[in-house]
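Okay, start13.txt is below, compact mmCIF, C-alpha atoms and all ligand atoms:
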# COMPACT_ATOMS: atom_id res chain seq x y z
CA MET A 2 1.78 -28.23 -25.44
CA GLU A 3 3.76 -31.21 -24.20
CA TYR A 4 6.65 -29.28 -22.67
CA LYS A 5 6.25 -26.53 -20.12
CA ALA A 6 8.73 -24.60 -17.98
CA GLN A 7 9.07 -26.29 -14.60
CA ARG A 8 6.67 -25.14 -11.89
CA GLY A 9 7.99 -22.03 -10.18
CA THR A 10 10.28 -21.04 -13.07
CA ILE A 11 9.79 -18.30 -15.63
CA ASP A 12 11.16 -17.26 -19.00
CA ILE A 13 12.45 -13.71 -19.33
CA LEU A 14 11.43 -12.42 -22.75
CA PRO A 15 12.69 -9.48 -24.83
CA LYS A 16 9.70 -7.32 -23.79
CA ASP A 17 11.07 -7.35 -20.23
CA GLU A 18 14.71 -7.17 -21.18
CA ASN A 19 15.02 -3.45 -20.51
CA LEU A 20 13.40 -3.72 -17.10
CA TRP A 21 15.66 -6.57 -15.99
CA ASN A 22 18.77 -4.85 -17.30
CA TYR A 23 17.71 -1.62 -15.64
CA VAL A 24 17.27 -3.29 -12.25
CA GLN A 25 20.60 -5.07 -12.50
CA ALA A 26 22.46 -1.97 -13.72
CA GLN A 27 21.09 0.20 -10.89
CA CYS A 28 22.02 -2.38 -8.24
CA PHE A 29 25.52 -2.68 -9.65
CA SER A 30 26.03 1.04 -9.90
CA ILE A 31 24.84 1.71 -6.34
CA ALA A 32 26.98 -1.13 -4.94
CA LYS A 33 30.00 0.24 -6.80
CA SER A 34 29.30 3.76 -5.52
CA PHE A 35 29.71 2.31 -1.99
CA GLY A 36 33.06 0.75 -2.97
CA TYR A 37 31.78 -2.82 -3.41
CA GLY A 38 33.24 -5.19 -6.02
CA TYR A 39 31.58 -7.95 -8.04
CA VAL A 40 32.04 -11.58 -7.09
CA GLU A 41 30.59 -14.58 -8.92
CA THR A 42 30.60 -18.08 -7.46
CA PRO A 43 29.49 -21.35 -9.08
CA ILE A 44 25.80 -22.20 -9.15
CA PHE A 45 26.46 -25.53 -7.44
CA GLU A 46 28.54 -26.30 -4.38
CA ASP A 47 29.24 -29.18 -2.01
CA SER A 48 25.92 -29.71 -0.17
CA LYS A 49 27.72 -29.61 3.19
CA ILE A 50 28.45 -25.91 2.71
CA PHE A 51 24.74 -25.17 2.98
CA GLU A 52 24.02 -27.79 5.63
CA ARG A 53 26.69 -26.31 7.93
CA THR A 54 25.81 -22.65 7.43
CA VAL A 55 22.16 -22.21 6.49
CA GLY A 56 21.44 -24.98 9.03
CA GLU A 57 20.36 -28.60 8.78
CA ASP A 58 17.07 -27.93 10.54
CA THR A 59 16.02 -25.06 8.31
CA ASP A 60 13.27 -25.40 5.73
CA ILE A 61 15.79 -24.50 3.04
CA VAL A 62 18.17 -27.35 3.73
CA GLU A 63 15.61 -29.85 4.93
CA LYS A 64 13.00 -29.51 2.20
CA GLU A 65 14.00 -27.04 -0.49
CA MET A 66 17.45 -27.83 -1.82
CA TYR A 67 17.97 -29.27 -5.27
CA THR A 68 20.48 -31.91 -4.20
CA PHE A 69 21.95 -34.69 -6.29
CA THR A 70 24.89 -37.05 -6.50
CA ASP A 71 26.99 -36.20 -9.54
CA LYS A 72 28.62 -38.77 -11.82
CA GLY A 73 31.75 -38.78 -9.66
CA GLY A 74 29.70 -39.57 -6.56
CA ASP A 75 29.94 -36.10 -4.96
CA ASN A 76 26.95 -34.73 -3.10
CA ILE A 77 26.09 -31.45 -4.83
CA SER A 78 23.39 -28.81 -4.33
CA LEU A 79 22.22 -25.97 -6.52
CA ARG A 80 22.78 -22.90 -4.37
CA PRO A 81 19.65 -21.89 -2.43
CA GLU A 82 21.39 -18.61 -1.47
CA ASN A 83 24.79 -17.05 -2.10
CA THR A 84 26.19 -15.95 1.27
CA ALA A 85 27.68 -19.38 2.04
CA GLY A 86 29.26 -19.57 -1.45
CA VAL A 87 30.72 -16.06 -1.19
CA CYS A 88 32.20 -16.88 2.24
CA ARG A 89 33.66 -20.11 0.87
CA ALA A 90 35.23 -18.06 -1.95
CA PHE A 91 36.46 -15.45 0.55
CA ILE A 92 38.35 -18.14 2.50
CA GLU A 93 39.53 -20.19 -0.48
CA ASN A 94 40.95 -17.16 -2.31
CA GLY A 95 42.65 -15.76 0.79
CA LEU A 96 40.67 -12.52 0.79
CA HIS A 97 41.08 -12.46 4.59
CA ASN A 98 44.74 -11.57 3.96
CA GLU A 99 43.75 -8.39 2.15
CA THR A 100 42.54 -5.10 3.62
CA LEU A 101 39.30 -5.68 5.46
CA PRO A 102 36.40 -5.37 5.35
CA ALA A 103 36.03 -6.98 1.94
CA ARG A 104 33.10 -5.29 0.23
CA LEU A 105 31.51 -7.74 -2.20
CA PHE A 106 28.33 -7.95 -4.24
CA TYR A 107 26.81 -10.71 -6.34
CA TYR A 108 23.92 -11.30 -8.73
CA GLY A 109 22.53 -14.53 -10.10
CA PRO A 110 19.99 -17.35 -9.94
CA MET A 111 19.17 -19.26 -6.74
CA PHE A 112 17.15 -22.46 -6.43
CA ARG A 113 14.65 -23.53 -3.79
CA TYR A 114 12.00 -26.19 -4.06
CA GLU A 115 9.26 -23.99 -2.54
CA ARG A 116 5.53 -23.90 -3.05
CA PRO A 117 5.24 -21.38 -5.90
CA GLN A 118 2.98 -18.37 -5.46
CA SER A 119 3.04 -14.70 -6.31
CA GLY A 120 6.62 -13.51 -5.67
CA ARG A 121 7.85 -16.99 -4.80
CA TYR A 122 9.66 -19.08 -7.39
CA ARG A 123 11.82 -22.18 -7.51
CA GLN A 124 14.44 -20.46 -9.59
CA PHE A 125 14.80 -16.78 -8.75
CA HIS A 126 17.51 -14.14 -8.85
CA GLN A 127 19.16 -12.42 -5.95
CA PHE A 128 21.36 -9.38 -5.83
CA GLY A 129 23.31 -9.33 -2.59
CA ILE A 130 25.91 -7.47 -0.60
CA GLU A 131 28.45 -8.96 1.78
CA CYS A 132 30.68 -6.76 3.97
CA ILE A 133 33.18 -9.18 5.49
CA GLY A 134 35.79 -8.53 8.15
CA ASP A 135 34.54 -5.83 10.51
CA SER A 136 32.33 -6.20 13.56
CA SER A 137 31.39 -2.51 13.90
CA PHE A 138 27.76 -1.37 13.84
CA ASP A 139 28.94 1.12 11.19
CA ASN A 140 28.92 -1.73 8.68
CA ASP A 141 25.41 -2.85 9.65
CA PHE A 142 24.29 0.69 9.00
CA GLU A 143 26.22 0.84 5.73
CA VAL A 144 24.53 -2.22 4.22
CA ILE A 145 21.09 -1.11 5.45
CA LYS A 146 21.68 2.29 3.90
CA LEU A 147 22.96 0.78 0.65
CA ALA A 148 19.75 -1.29 0.44
CA TRP A 149 17.72 1.85 1.09
CA ASN A 150 19.50 3.66 -1.76
CA ILE A 151 18.47 0.85 -4.09
CA ILE A 152 14.84 0.91 -2.98
CA LYS A 153 14.77 4.67 -3.31
CA ARG A 154 16.27 4.51 -6.79
CA PHE A 155 13.40 2.23 -7.85
CA LYS A 156 10.85 4.54 -6.18
CA ILE A 157 8.95 1.63 -4.66
CA PRO A 158 6.25 3.30 -2.59
CA ASN A 159 5.50 2.61 1.08
CA THR A 160 8.52 0.54 1.91
CA LYS A 161 9.62 0.09 5.46
CA LEU A 162 12.62 -1.40 7.25
CA ASN A 163 11.94 -3.97 9.99
CA ILE A 164 14.87 -4.50 12.30
CA ASN A 165 15.68 -6.62 15.34
CA SER A 166 18.67 -8.02 17.21
CA LEU A 167 19.21 -11.68 18.00
CA GLY A 168 22.24 -11.04 20.21
CA ASN A 169 25.25 -13.33 20.19
CA LYS A 170 25.30 -17.15 20.23
CA GLU A 171 24.87 -17.42 24.00
CA ASP A 172 22.05 -14.83 23.97
CA ARG A 173 20.32 -16.85 21.26
CA GLU A 174 20.59 -20.02 23.31
CA LEU A 175 19.21 -18.31 26.41
CA TYR A 176 16.41 -16.75 24.38
CA SER A 177 15.58 -20.06 22.69
CA SER A 178 15.17 -21.71 26.09
CA LYS A 179 12.89 -18.86 27.27
CA LEU A 180 10.86 -19.20 24.12
CA LYS A 181 10.53 -22.95 24.62
CA GLU A 182 9.43 -22.40 28.19
CA TYR A 183 6.74 -20.01 26.96
CA PHE A 184 5.49 -22.16 24.07
CA SER A 185 5.51 -25.36 26.16
CA LYS A 186 2.33 -24.04 27.81
CA TYR A 187 0.60 -24.09 24.43
CA LEU A 188 2.17 -27.22 22.98
CA ASN A 189 -1.15 -28.98 22.47
CA ASP A 190 -2.53 -26.02 20.51
CA LEU A 191 0.36 -25.86 18.06
CA PRO A 192 -0.10 -27.27 14.55
CA LYS A 193 2.12 -30.23 13.59
CA VAL A 194 4.70 -28.19 11.68
CA ASP A 195 5.17 -25.87 14.63
CA LYS A 196 5.45 -28.74 17.11
CA LEU A 197 8.44 -29.85 15.03
CA ARG A 198 9.83 -26.33 15.12
CA PHE A 199 9.34 -26.29 18.89
CA ASP A 200 11.62 -29.31 19.18
CA ARG A 201 14.22 -28.39 16.61
CA ALA A 202 14.30 -24.64 16.00
CA PRO A 203 12.14 -22.75 18.50
CA LEU A 204 13.15 -19.32 17.16
CA ARG A 205 11.40 -20.18 13.93
CA LEU A 206 8.06 -20.40 15.74
CA LEU A 207 8.07 -16.60 15.48
CA ASP A 208 8.30 -16.95 11.69
CA SER A 209 5.27 -19.25 11.57
CA LYS A 210 2.53 -18.57 9.02
CA GLU A 211 -0.02 -20.57 11.12
CA GLU A 212 -2.73 -18.36 12.53
CA ILE A 213 -2.87 -19.99 15.93
CA THR A 214 0.93 -19.79 16.37
CA ILE A 215 0.93 -16.13 15.32
CA LYS A 216 -1.69 -15.46 17.98
CA ILE A 217 0.23 -17.30 20.68
CA SER A 218 3.45 -15.51 19.64
CA GLN A 219 1.97 -12.14 20.47
CA ASP A 220 2.89 -12.41 24.14
CA ALA A 221 6.08 -14.41 23.63
CA PRO A 222 9.31 -13.16 25.21
CA LYS A 223 11.24 -10.65 23.12
CA THR A 224 14.80 -11.17 21.90
CA LEU A 225 15.79 -7.68 22.98
CA ASP A 226 15.07 -8.53 26.63
CA TYR A 227 17.66 -11.32 26.55
CA ILE A 228 20.58 -9.92 24.61
CA SER A 229 23.92 -9.18 26.28
CA ASN A 230 25.08 -5.70 27.08
CA GLU A 231 27.51 -5.72 24.19
CA SER A 232 24.78 -6.74 21.71
CA LYS A 233 22.46 -4.14 23.19
CA ILE A 234 24.99 -1.34 22.67
CA HIS A 235 25.58 -2.56 19.11
CA HIS A 236 21.84 -2.55 18.47
CA GLU A 237 21.33 0.90 19.98
CA ASN A 238 24.08 2.33 17.83
CA VAL A 239 22.48 0.93 14.68
CA ILE A 240 19.13 2.36 15.75
CA HIS A 241 20.72 5.74 16.49
CA ASN A 242 22.07 5.85 12.93
CA LEU A 243 18.66 4.87 11.54
CA GLU A 244 17.04 7.70 13.51
CA GLU A 245 19.52 10.13 12.03
CA LEU A 246 18.77 8.78 8.54
CA SER A 247 15.04 9.23 9.03
CA LYS A 248 15.66 12.83 10.13
CA SER A 249 17.51 13.63 6.94
CA ASP A 250 15.25 11.57 4.65
CA GLU A 251 11.55 11.70 5.41
CA ASP A 252 10.79 8.72 3.14
CA PHE A 253 12.91 6.41 5.25
CA LYS A 254 10.73 4.55 7.76
CA PHE A 255 11.79 1.83 10.17
CA ARG A 256 10.31 -0.21 12.97
CA ILE A 257 11.89 -2.41 15.62
CA ASN A 258 10.11 -5.71 15.08
CA ASP A 259 10.80 -8.08 17.95
CA LYS A 260 9.26 -11.01 16.05
CA LEU A 261 11.79 -10.79 13.25
CA VAL A 262 14.18 -13.74 13.47
CA ARG A 263 14.77 -14.67 9.79
CA GLY A 264 14.80 -18.24 8.57
CA LEU A 265 18.51 -19.06 8.39
CA ASP A 266 20.71 -20.31 11.21
CA TYR A 267 23.75 -18.15 10.68
CA TYR A 268 22.48 -14.77 11.81
CA ASN A 269 23.49 -13.01 15.03
CA LYS A 270 22.94 -9.49 16.36
CA THR A 271 21.30 -7.33 13.66
CA VAL A 272 18.62 -8.86 11.43
CA PHE A 273 16.53 -6.77 9.05
CA GLU A 274 14.22 -6.80 6.08
CA TYR A 275 12.64 -4.22 3.83
CA VAL A 276 8.96 -4.74 3.11
CA SER A 277 6.63 -3.07 0.64
CA ASP A 278 2.86 -2.88 1.05
CA SER A 279 2.29 -5.86 -1.29
CA SER A 280 0.83 -8.79 0.58
CA GLY A 281 2.39 -12.24 1.03
CA PRO A 282 5.93 -13.19 0.04
CA GLN A 283 5.98 -10.53 -2.71
CA GLY A 284 6.02 -7.89 0.05
CA VAL A 285 9.42 -8.91 1.45
CA LEU A 286 11.86 -7.24 -0.91
CA LEU A 287 15.10 -8.09 0.78
CA GLY A 288 16.47 -9.51 3.98
CA GLY A 289 19.77 -9.60 5.73
CA GLY A 290 21.76 -9.29 8.89
CA ARG A 291 25.01 -9.95 10.66
CA TYR A 292 26.50 -13.41 10.41
CA ASP A 293 29.68 -13.30 12.49
CA PRO A 294 30.04 -17.08 13.09
CA LEU A 295 29.72 -18.20 9.46
CA ILE A 296 33.28 -17.92 8.14
CA LYS A 297 34.68 -19.86 11.10
CA ILE A 298 32.03 -22.55 10.62
CA LEU A 299 33.34 -22.97 7.07
CA GLY A 300 36.89 -23.43 8.36
CA GLY A 301 38.16 -19.87 7.91
CA PRO A 302 39.53 -17.46 10.51
CA ASP A 303 37.04 -15.92 12.92
CA THR A 304 35.74 -13.08 10.71
CA PRO A 305 32.63 -11.01 11.42
CA ALA A 306 30.37 -10.07 8.51
CA VAL A 307 27.06 -8.47 7.56
CA GLY A 308 25.01 -8.43 4.36
CA PHE A 309 21.66 -8.75 2.63
CA ALA A 310 20.02 -10.50 -0.31
CA MET A 311 17.36 -8.92 -2.48
CA GLY A 312 14.87 -10.76 -4.70
CA ILE A 313 15.12 -9.39 -8.24
CA GLU A 314 11.76 -10.85 -9.36
CA ARG A 315 10.11 -9.00 -6.48
CA ILE A 316 11.67 -5.69 -7.55
CA VAL A 317 10.72 -6.32 -11.19
CA ASN A 318 7.13 -7.13 -10.11
CA GLU A 319 6.94 -3.91 -8.06
CA LEU A 320 8.23 -1.87 -11.00
CA LYS A 321 5.68 -3.45 -13.32
CA LYS A 322 2.96 -2.20 -10.94
CA VAL A 323 4.17 1.38 -11.11
CA ASP A 324 4.82 3.23 -14.29
CA ILE A 325 8.23 2.03 -15.47
CA LYS A 326 7.15 0.21 -18.61
CA SER A 327 9.50 -1.99 -20.54
CA LYS A 328 9.70 0.30 -23.53
CA SER A 329 11.15 -1.15 -26.68
CA ASP A 330 14.56 0.24 -27.39
CA LEU A 331 14.47 -0.43 -31.12
CA ASP A 332 15.55 2.69 -33.00
CA ILE A 333 14.80 2.09 -36.65
CA VAL A 334 12.80 -0.12 -38.97
CA ILE A 335 13.83 0.21 -42.63
CA VAL A 336 10.81 -0.02 -44.92
CA VAL A 337 11.78 -1.22 -48.41
CA LEU A 338 9.33 -0.36 -51.19
CA ASP A 339 10.88 -2.50 -53.90
CA ASP A 340 12.67 -5.79 -53.40
CA ASN A 341 15.47 -4.52 -55.69
CA PHE A 342 16.38 -2.05 -52.95
CA ARG A 343 16.91 -4.76 -50.32
CA ILE A 344 20.65 -4.63 -51.04
CA ASN A 345 20.60 -0.84 -50.35
CA ALA A 346 18.70 -1.54 -47.14
CA GLU A 347 21.36 -4.06 -46.08
CA ARG A 348 24.11 -1.48 -46.60
CA LEU A 349 22.17 1.20 -44.75
CA SER A 350 21.46 -1.18 -41.85
CA ASP A 351 25.21 -1.98 -41.56
CA LEU A 352 26.00 1.72 -41.36
CA LEU A 353 23.31 2.34 -38.72
CA ARG A 354 24.24 -0.69 -36.59
CA ASN A 355 27.93 0.29 -36.72
CA ASN A 356 26.77 3.59 -35.24
CA GLN A 357 25.02 1.82 -32.33
CA LEU A 358 21.53 2.34 -33.74
CA LYS A 359 19.30 -0.70 -33.22
CA THR A 360 17.94 -1.47 -36.65
CA ILE A 361 15.68 -4.07 -38.27
CA ILE A 362 14.82 -4.36 -41.96
CA ALA A 363 11.06 -4.87 -42.27
CA PRO A 364 9.87 -8.21 -43.68
CA ARG A 365 8.80 -8.40 -47.36
CA ARG A 366 5.26 -7.04 -47.18
CA SER A 367 3.27 -4.16 -48.68
CA MET A 368 4.30 -0.67 -47.57
CA LYS A 369 1.32 -0.57 -45.21
CA GLY A 370 2.24 -3.98 -43.82
CA GLN A 371 5.84 -2.89 -43.24
CA LEU A 372 4.76 0.32 -41.48
CA ARG A 373 2.36 -1.69 -39.32
CA PHE A 374 5.28 -3.97 -38.45
CA ALA A 375 7.39 -0.91 -37.47
CA ASN A 376 4.55 0.31 -35.25
CA ASN A 377 4.09 -3.07 -33.62
CA MET A 378 7.82 -3.24 -32.91
CA ASN A 379 7.59 0.14 -31.14
CA SER A 380 10.42 1.43 -33.28
CA LYS A 381 11.22 5.11 -32.76
CA ILE A 382 11.38 5.95 -36.45
CA SER A 383 11.11 4.21 -39.77
CA ILE A 384 13.28 4.96 -42.79
CA ILE A 385 11.61 4.53 -46.15
CA LEU A 386 13.62 3.41 -49.17
CA GLY A 387 11.75 3.82 -52.49
CA GLN A 388 12.58 4.77 -56.08
CA ASP A 389 12.48 8.49 -55.31
CA GLU A 390 14.93 8.09 -52.38
CA ILE A 391 17.35 5.94 -54.38
CA ASN A 392 17.29 8.31 -57.42
CA ASN A 393 17.92 11.41 -55.31
CA ASP A 394 20.25 9.93 -52.70
CA LEU A 395 17.79 10.67 -49.92
CA LEU A 396 16.13 8.92 -47.00
CA THR A 397 12.53 9.51 -45.92
CA ILE A 398 12.07 9.50 -42.15
CA LYS A 399 8.68 8.68 -40.68
CA PHE A 400 8.10 9.37 -36.98
CA LEU A 401 6.20 6.63 -35.26
CA ASN A 402 5.77 7.93 -31.70
CA SER A 403 5.01 11.60 -32.29
CA LYS A 404 2.74 12.48 -35.16
CA LYS A 405 5.27 14.82 -36.76
CA ASP A 406 5.25 15.07 -40.57
CA GLN A 407 7.69 12.87 -42.38
CA ILE A 408 10.88 14.52 -43.63
CA GLN A 409 13.62 13.78 -46.11
CA ILE A 410 17.32 13.89 -45.28
CA LYS A 411 20.53 13.23 -47.15
CA ASN A 412 21.42 9.56 -47.46
CA ASN A 413 23.98 8.34 -44.88
CA ASP A 414 23.54 11.39 -42.62
CA VAL A 415 23.86 9.31 -39.43
CA GLY A 416 24.35 12.38 -37.23
CA LYS A 417 20.98 13.76 -38.33
CA ILE A 418 19.29 10.38 -37.83
CA LYS A 419 20.71 10.18 -34.29
CA SER A 420 19.46 13.65 -33.38
CA LEU A 421 15.99 12.85 -34.79
CA ILE A 422 15.87 9.69 -32.68
CA ILE A 423 16.91 11.54 -29.53
CA SER A 424 14.10 14.06 -30.09
CA GLU A 425 11.68 11.09 -30.29
CA VAL A 426 12.60 9.53 -26.91
P1 LIG B 1 16.41 -15.10 2.02
O1 LIG B 1 17.65 -15.59 1.29
O2 LIG B 1 15.41 -16.19 2.27
O3 LIG B 1 16.75 -14.29 3.21
O4 LIG B 1 15.66 -14.12 1.01
C1 LIG B 1 16.17 -12.87 0.65
C2 LIG B 1 15.29 -12.30 -0.42
O5 LIG B 1 15.33 -13.13 -1.57
C3 LIG B 1 13.81 -12.24 -0.06
O6 LIG B 1 13.52 -11.06 0.63
C4 LIG B 1 13.17 -12.26 -1.42
O7 LIG B 1 13.17 -10.97 -1.98
C5 LIG B 1 14.08 -13.16 -2.21
N1 LIG B 1 13.56 -14.54 -2.24
C6 LIG B 1 13.75 -15.52 -1.34
N2 LIG B 1 13.13 -16.65 -1.72
C7 LIG B 1 12.54 -16.38 -2.90
C8 LIG B 1 11.74 -17.15 -3.82
N3 LIG B 1 11.46 -18.44 -3.61
N4 LIG B 1 11.28 -16.54 -4.94
C9 LIG B 1 11.58 -15.24 -5.19
N5 LIG B 1 12.32 -14.48 -4.37
C10 LIG B 1 12.79 -15.04 -3.23

Representation of the structure as structure tokens:
Amino acid sequence: MEYKAQRGTIDILPKDENLWNYVQAQCFSIAKSFGYGYVETPIFEDSKIFERTVGEDTDIVEKEMYTFTDKGGDNISLRPENTAGVCRAFIENGLHNETLPARLFYYGPMFRYERPQSGRYRQFHQFGIECIGDSSFDNDFEVIKLAWNIIKRFKIPNTKLNINSLGNKEDRELYSSKLKEYFSKYLNDLPKVDKLRFDRAPLRLLDSKEEITIKISQDAPKTLDYISNESKIHHENVIHNLEELSKSDEDFKFRINDKLVRGLDYYNKTVFEYVSDSSGPQGVLLGGGRYDPLIKILGGPDTPAVGFAMGIERIVNELKKVDIKSKSDLDIVIVVLDDNFRINAERLSDLLRNNQLKTIIAPRRSMKGQLRFANNMNSKISIILGQDEINNDLLTIKFLNSKKDQIQIKNNDVGKIKSLIISEV
């Protein structure tokens, strides 16, 4: 075929509709149970918003943004992430004048020109949480726990939290210089991409996917040895809470990972990610951390914040591996034995649909063909309309999932139809 979806993009089809809706609904309901409210920002923003916050030297801004000049000459980017947009909205709408912290969540598509592979797309969806306006470690723990509730709800096996602290801005600078000092001894061994990182963003050397750099990193200095006393106390308090959580919930596992720095510039203190046992990018389900400097960078008042972003495609892929199948939620296919009864079938379908029953009238085929259609559609029951049914004001119900015998009920008895469908689920 001449036209194909762009590389790294996918179509979501009706067979996966239930799964996608399920994931979204669970995320929303858990966020709301923690007192968070929905926020939606535009899909495109002034490119500077991302350059200033995500960081000009990051892969995202340097190589991955879909940037263009619009017809009015403005420099626009499709959002590669949503934290910067939410913070822009927080400032612009004066949310800093309301009771803080603001507890916000979002859901929607993000765009990054990345090399597509399993679990990595160019258009993907993120669900995210932002808790803005409180510097306490309590909020770090809250968002980590909220994320855990989501992962638990989806029953994704063998997930683990990785956590680290980057300290404050000065700690980061000190640590970066220590890291540079260490890596300078191995400069000639570093691959080209990491030599660039060495010059421009040394912390990101720890994120490198290059084998040789990973090996060298093993003995690199650790962030936790260079963070200030205040950051250390903050970190220890978060860890204390995580220990308590693992005591009360044996499934919750965490590890202090001193190589975790995360790819974006705006993080300070706590950084974390939840990983599953899937390999490669697919394994990183969500990532987040504290980003105290960001709102000020965007021109707002100095306002600390913490949050995370979760990849919806990655959750959907994990659920497809376990047993949650995208079952059809079609309730009824009406099988019409004589074309003269099509008008009766129309009336019946109106009645059923008005009663929230998902109903399709089978296409004009033989009875066998129509029943095969009902089976292929995974409908819960079929209702047969033939001469006998019309003459006697009856409906014949055929059960498609269980092999129960067909029965006849009074025409228009929606209550009975509903109870029969429930017993089929
Ligand atoms: P980040 O915004 O890079 O911190 O990523 C947060 C989460 O978004 C990751 O843990 C993934 O679950 C998801 N994610 C990031 N980039 C992609 C991508 N290109 N394709 C699919 N999911 C992604």

Mind running chain A against ligand LIG 1 (chain B) at 9 Å and telling me each contacting residue's nearest atom pair with the distance in Å (one decimal), counting all atoms listed in the file, chain and number ascending, as a Markdown table?
| residue | atom | partner | partner_atom | distance |
| --- | --- | --- | --- | --- |
| A:Gly9 | CA | B:LIG1 | N3 | 8.3 |
| A:Ile61 | CA | B:LIG1 | O2 | 8.4 |
| A:Pro81 | CA | B:LIG1 | O1 | 7.6 |
| A:Glu82 | CA | B:LIG1 | O1 | 5.5 |
| A:Asn83 | CA | B:LIG1 | O1 | 8.0 |
| A:Thr84 | CA | B:LIG1 | O1 | 8.5 |
| A:Met111 | CA | B:LIG1 | C7 | 8.2 |
| A:Phe112 | CA | B:LIG1 | N3 | 7.5 |
| A:Arg113 | CA | B:LIG1 | N3 | 6.0 |
| A:Tyr114 | CA | B:LIG1 | N3 | 7.8 |
| A:Glu115 | CA | B:LIG1 | N3 | 6.1 |
| A:Arg116 | CA | B:LIG1 | N3 | 8.1 |
| A:Pro117 | CA | B:LIG1 | N3 | 7.3 |
| A:Gln118 | CA | B:LIG1 | N4 | 8.5 |
| A:Ser119 | CA | B:LIG1 | N4 | 8.6 |
| A:Gly120 | CA | B:LIG1 | C9 | 5.3 |
| A:Arg121 | CA | B:LIG1 | N4 | 3.5 |
| A:Tyr122 | CA | B:LIG1 | N4 | 3.9 |
| A:Arg123 | CA | B:LIG1 | N3 | 5.4 |
| A:Gln124 | CA | B:LIG1 | N4 | 6.9 |
| A:Phe125 | CA | B:LIG1 | C9 | 5.0 |
| A:His126 | CA | B:LIG1 | N5 | 6.9 |
| A:Gln127 | CA | B:LIG1 | O5 | 5.9 |
| A:Phe128 | CA | B:LIG1 | O5 | 8.3 |
| A:Gly129 | CA | B:LIG1 | C1 | 8.6 |
| A:Arg263 | CA | B:LIG1 | O3 | 6.9 |
| A:Gly264 | CA | B:LIG1 | O2 | 6.7 |
| A:Leu265 | CA | B:LIG1 | O3 | 7.3 |
| A:Glu274 | CA | B:LIG1 | O6 | 7.0 |
| A:Tyr275 | CA | B:LIG1 | O6 | 7.6 |
| A:Val276 | CA | B:LIG1 | O6 | 8.2 |
| A:Pro282 | CA | B:LIG1 | C4 | 7.4 |
| A:Gln283 | CA | B:LIG1 | O7 | 7.2 |
| A:Gly284 | CA | B:LIG1 | O7 | 8.0 |
| A:Val285 | CA | B:LIG1 | O6 | 4.7 |
| A:Leu286 | CA | B:LIG1 | O7 | 4.1 |
| A:Leu287 | CA | B:LIG1 | O6 | 3.4 |
| A:Gly288 | CA | B:LIG1 | O6 | 4.7 |
| A:Gly289 | CA | B:LIG1 | O3 | 6.1 |
| A:Phe309 | CA | B:LIG1 | C1 | 7.1 |
| A:Ala310 | CA | B:LIG1 | C1 | 4.6 |
| A:Met311 | CA | B:LIG1 | C2 | 4.5 |
| A:Gly312 | CA | B:LIG1 | O7 | 3.2 |
| A:Ile313 | CA | B:LIG1 | O7 | 6.7 |
| A:Glu314 | CA | B:LIG1 | C9 | 6.1 |
| A:Arg315 | CA | B:LIG1 | O7 | 5.8 |
| A:Ile316 | CA | B:LIG1 | O7 | 7.8 |

For Val87 (chain A), list every protein, DNA or RNA residue within 12 Å, evaluated using only C-alpha atoms, and leave out those in the same chain fewer than 2 positions away; present the list as a PyMOL selection string. chain A and resi 39-44+46+50-51+54+80+82-85+89-94+96+103-108+129-133+295-296+299+306+308

Within 9 Å of (7.7, 1.0, -38.8), all atoms listed in the file: residues as JSON, numbers by chain? {"A": [333, 334, 335, 336, 363, 370, 371, 372, 373, 374, 375, 376, 377, 378, 379, 380, 381, 382, 383, 384, 399, 400, 401]}

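CA of Ile151 (chain A) lies 6.8 Å from CA of Ile31 (chain A).
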
Find the spatial neighbours of region 241-249 of chain A, counting only C-alpha atoms, within a cut-off of 9 Å - ignore same-chain residues fewer than 4 positions away - and output them as a list of chain:residue names. A:Asp139, A:Phe142, A:Ile145, A:Lys146, A:His236, A:Glu237, A:Phe253, A:Lys254, A:Phe255

Answer as a ChimeraX atom specification, residues within 12 Å of (15.9, 12.5, -37.1) using only C-alpha atoms: /A:332-333,381-384,396-401,403,405-411,413-426

Quote the spacing between CA of Arg205 (chain A) and CA of Val262 (chain A) in Å to one decimal place. 7.0 Å

Surrounding residues of region 180-197 of chain A excluding itself and chain neighbours under 2 positions, 7 Å, all atoms listed in the file, as a PyMOL selection string: chain A and resi 176-178+199-201+203+206+214+221-222

Selection to disk with C-alpha atoms, as a short mmCIF file (atom, residue, chain, number, x, y, z; two decimals), in the coordinates of the input:
data_model
loop_
_atom_site.label_atom_id
_atom_site.label_comp_id
_atom_site.auth_asym_id
_atom_site.auth_seq_id
_atom_site.Cartn_x
_atom_site.Cartn_y
_atom_site.Cartn_z
CA TYR A 176 16.41 -16.75 24.38
CA SER A 177 15.58 -20.06 22.69
CA SER A 178 15.17 -21.71 26.09
CA PHE A 199 9.34 -26.29 18.89
CA ASP A 200 11.62 -29.31 19.18
CA ARG A 201 14.22 -28.39 16.61
CA PRO A 203 12.14 -22.75 18.50
CA LEU A 206 8.06 -20.40 15.74
CA THR A 214 0.93 -19.79 16.37
CA ALA A 221 6.08 -14.41 23.63
CA PRO A 222 9.31 -13.16 25.21
#

Tell me which of A:Asp259, A:Asp208, A:Asp135, A:Asp330 sits closest to Ile164 (chain A), counting only C-alpha atoms.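 Checking each candidate against Ile164 (chain A), we get A:Asp259 as the closest.
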
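One distance worth recording is that between CA of Tyr37 (chain A) and CA of Trp21 (chain A), which is 20.8 Å.
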
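In this comparison, which uses only C-alpha atoms, the residue of A:Pro15, A:Gly387, A:Pro294, A:Gly168 approaching Val307 (chain A) most closely is A:Pro294.
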